[in-house]
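One structure is given below, encoded as structure tokens.
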Amino acid sequence: MTFLVGGDAYDRFMGRYSTPLAPQFADFARVDAGQVVLDVGCGPGALTGELVRLLGSASVSAVDPSEPFVAAARERHPGVSVQRAAAEQLPFADQTFDAALAQLVVHFMTDPVLGLREMGRVVRHEGVVAACVWDHGGGEGPLSLFWAAARIIDPAIEDESQLAGSREGHLGELFKEAGLRDVEEGVLPVLVEHPSFDEWWEPFTFGVGPAGGLVASLDPEGRAKLREQCRKMLPAPPFALEAQAWAARGIV
Ligand SMILES: C[S@@+](CC[C@H](N)C(=O)[O-])C[C@H]1O[C@@H](n2cnc3c(N)ncnc32)[C@H](O)[C@@H]1O
């Protein structure tokens with residue numbers, strides 16, 4: 001499990017990209033005042049914060065399987081009910097919510113179709129299930145340069161491009177398999193400024209997610225080699241990194 005890290009480490013590694021993604025994703029899902037919503041795989045709460053801003057904390061629930069992320073989300077968003085659970089087994093009765101959203105989570109689910117089906121189960125009839133996943137498959141994710149550098153050094157390294165929902169159209173296919181209807185797909189762009197190479201690189205050493213797991217598995221020499229390969233491939237700092245996520249929205 002590569003998500004057993006503190007909220008601050010997550011923020012510096014991925015929150016820097018998922019926080020600007022959240023308002024666009026909530027907009028894509030058409031989250032609207034008066035709704036009661038569930039944030040699935042909330043992490044330390046990047047999307048949760050946006051949902052609280054739109055709906056108020058009493059209308060937002062969140063789940064994540066990672067204990068430290070549950071603790072961080074609870075601390076950051078008092079008033080939100082945050083529980084430790086996975087998408088595949090949600091601790092809610094049928095039709096509890098108007099919408100269930102999963103930002104950057106489907107590709108980590110053990111069983112993505114079951115997870116999406118569970119999200120549909122806890123949403124009322126005519127409610128919304130929405131999800132988004134970085135474009136790892138098309139090489140336009142925020143970690144794509146890192147994985148390209150790693151595979152130049154060792155082509156046998158497995159990146160995240162084969163994960164569920166990370167190639168164009170795949171989220172939509174999964175949604176339909178999960179029994180959701182009127183599925184719409186979209187693409188959500190983010191642009192993040194990096195003031196220095198070290199500000200970009202250091203969070204990769206915090207052990208977060210598959211990329212952090214790879215860095216943690218390397219010896220000091222391997223790590224230095226990968227760092228240098230990344231430096232060669234990135235523009236001179238400061239630089240702006242553009243990335244995009246595939247998104248899908250379906251009706252229950
Ligand atoms: C990249 S983070 C996204 C966190 C947050 N949604 C965000 O946008 O910053 C992926 C999250 O999915 C969670 N996760 C992993 N497997 C999961 C599953 N089966 N069900 C729900 N969440 C899961 C991880 O614990 C982690 O918090």
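Going by the structure tokens order, chains are called A, B, ..., each with residues numbered from 1, while ligands are numbered from 1 in the order shown.
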
What do you get as a list in words if you pick all residues at most 6 Å from ligand 1, counting only C-alpha atoms and all ligand atoms?
-> Phe3, Gly15, Ser18, Val40, Gly41, Cys42, Gly43, Ala46, Leu47, Asp64, Pro65, Ser66, Ala86, Ala87, Gln103, Leu104, Val105, Phe108, Met109 and Thr110 of chain A

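Near Ala130 (chain A), within 7 Å and counting only C-alpha atoms, sit Ala29, Ala100, Leu101, Ala102, Ala248, Arg249 and Gly250 of chain A, not including residues fewer than 3 positions from it in the same chain.
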
Selection file, N, CA, C and O atoms, as a PDB file, in the first residue's frame:
```pdb
ATOM      1  N   ALA A  29     -19.024  17.066 -13.027  1.00  0.00           N
ATOM      2  CA  ALA A  29     -20.034  16.177 -12.427  1.00  0.00           C
ATOM      3  C   ALA A  29     -21.367  16.892 -12.207  1.00  0.00           C
ATOM      4  O   ALA A  29     -22.373  16.272 -11.909  1.00  0.00           O
ATOM      5  N   ALA A 100     -22.028  10.453  -6.262  1.00  0.00           N
ATOM      6  CA  ALA A 100     -20.787   9.896  -5.704  1.00  0.00           C
ATOM      7  C   ALA A 100     -19.673  10.184  -6.699  1.00  0.00           C
ATOM      8  O   ALA A 100     -19.813   9.901  -7.896  1.00  0.00           O
ATOM      9  N   LEU A 101     -18.594  10.770  -6.193  1.00  0.00           N
ATOM     10  CA  LEU A 101     -17.491  11.186  -7.060  1.00  0.00           C
ATOM     11  C   LEU A 101     -16.197  10.494  -6.626  1.00  0.00           C
ATOM     12  O   LEU A 101     -15.943  10.344  -5.420  1.00  0.00           O
ATOM     13  N   ALA A 102     -15.370  10.112  -7.597  1.00  0.00           N
ATOM     14  CA  ALA A 102     -14.064   9.511  -7.284  1.00  0.00           C
ATOM     15  C   ALA A 102     -13.009  10.211  -8.137  1.00  0.00           C
ATOM     16  O   ALA A 102     -12.956  10.021  -9.356  1.00  0.00           O
ATOM     17  N   ALA A 248     -15.482  10.821 -16.577  1.00  0.00           N
ATOM     18  CA  ALA A 248     -16.743  10.238 -17.031  1.00  0.00           C
ATOM     19  C   ALA A 248     -17.826  10.511 -15.987  1.00  0.00           C
ATOM     20  O   ALA A 248     -17.537  10.621 -14.785  1.00  0.00           O
ATOM     21  N   ARG A 249     -19.047  10.649 -16.488  1.00  0.00           N
ATOM     22  CA  ARG A 249     -20.205  10.946 -15.639  1.00  0.00           C
ATOM     23  C   ARG A 249     -21.352  10.079 -16.136  1.00  0.00           C
ATOM     24  O   ARG A 249     -21.625  10.053 -17.331  1.00  0.00           O
ATOM     25  N   GLY A 250     -21.978   9.336 -15.218  1.00  0.00           N
ATOM     26  CA  GLY A 250     -23.101   8.483 -15.622  1.00  0.00           C
ATOM     27  C   GLY A 250     -24.265   8.641 -14.676  1.00  0.00           C
ATOM     28  O   GLY A 250     -24.123   9.124 -13.540  1.00  0.00           O
TER      29      GLY A 250
END
```

What lies within 10 Å of region 141-150 of chain A using only C-alpha atoms, ignoring chain neighbours under 4 positions off, as a ChimeraX atom specification?
-> /A:13-14,16-18,133-137,154-161,166,189-192,201,204,211,214-215,222-223,225-234,241-246

Running DSSP on the backbone, which parts of region 17-199 of chain A land in alpha helix (DSSP H), as an NGL selection string?
-> :A and (17-28 or 46-55 or 67-76 or 112-121 or 144-153 or 170-177 or 197-199)

Report the distance between CA of Pro91 (chain A) and CA of Gly207 (chain A) in Å, rounded to one decimal place.
->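 We find that CA of Pro91 (chain A) and CA of Gly207 (chain A) lie 28.8 Å from each other.
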
One-decimal distance in Å that lies between CA of Met119 (chain A) and CA of Val252 (chain A) | 9.3 Å

Residues at most 8 Å from Gly6 (chain A), counting only C-alpha atoms, excluding those fewer than 5 positions away in the same chain, as a list in words?
->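 Residues meeting the cut-off are Pro68, Phe69 and Ala72 of chain A.
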
Keeping only all heavy atoms, write those residues as a CSV table (one decimal), in the first residue's frame.
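The resulting file, again_24.csv, is reproduced below:
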```
chain,number,residue,atom,x,y,z
A,68,PRO,N,-4.0,7.1,7.6
A,68,PRO,CA,-3.5,8.5,7.7
A,68,PRO,C,-4.3,9.5,6.9
A,68,PRO,O,-4.4,10.7,7.3
A,68,PRO,CB,-2.0,8.4,7.3
A,68,PRO,CG,-1.8,7.1,6.6
A,68,PRO,CD,-2.9,6.2,7.1
A,69,PHE,N,-4.8,9.1,5.7
A,69,PHE,CA,-5.5,10.0,4.9
A,69,PHE,C,-6.9,10.3,5.5
A,69,PHE,O,-7.4,11.4,5.5
A,69,PHE,CB,-5.7,9.5,3.5
A,69,PHE,CG,-4.5,9.6,2.6
A,69,PHE,CD1,-4.5,9.0,1.3
A,69,PHE,CD2,-3.3,10.2,3.0
A,69,PHE,CE1,-3.3,9.1,0.5
A,69,PHE,CE2,-2.2,10.3,2.3
A,69,PHE,CZ,-2.2,9.7,1.0
A,72,ALA,N,-6.2,12.8,8.2
A,72,ALA,CA,-5.9,14.1,7.6
A,72,ALA,C,-7.2,14.8,7.1
A,72,ALA,O,-7.5,16.0,7.4
A,72,ALA,CB,-4.9,14.0,6.5
```

Can you pull out every residue within 9 Å of Ile251 (chain A), counting only C-alpha atoms, but drop anything in the same chain fewer than 6 positions away, and send it as a PyMOL selection string?
-> chain A and resi 120+125-130+180-183
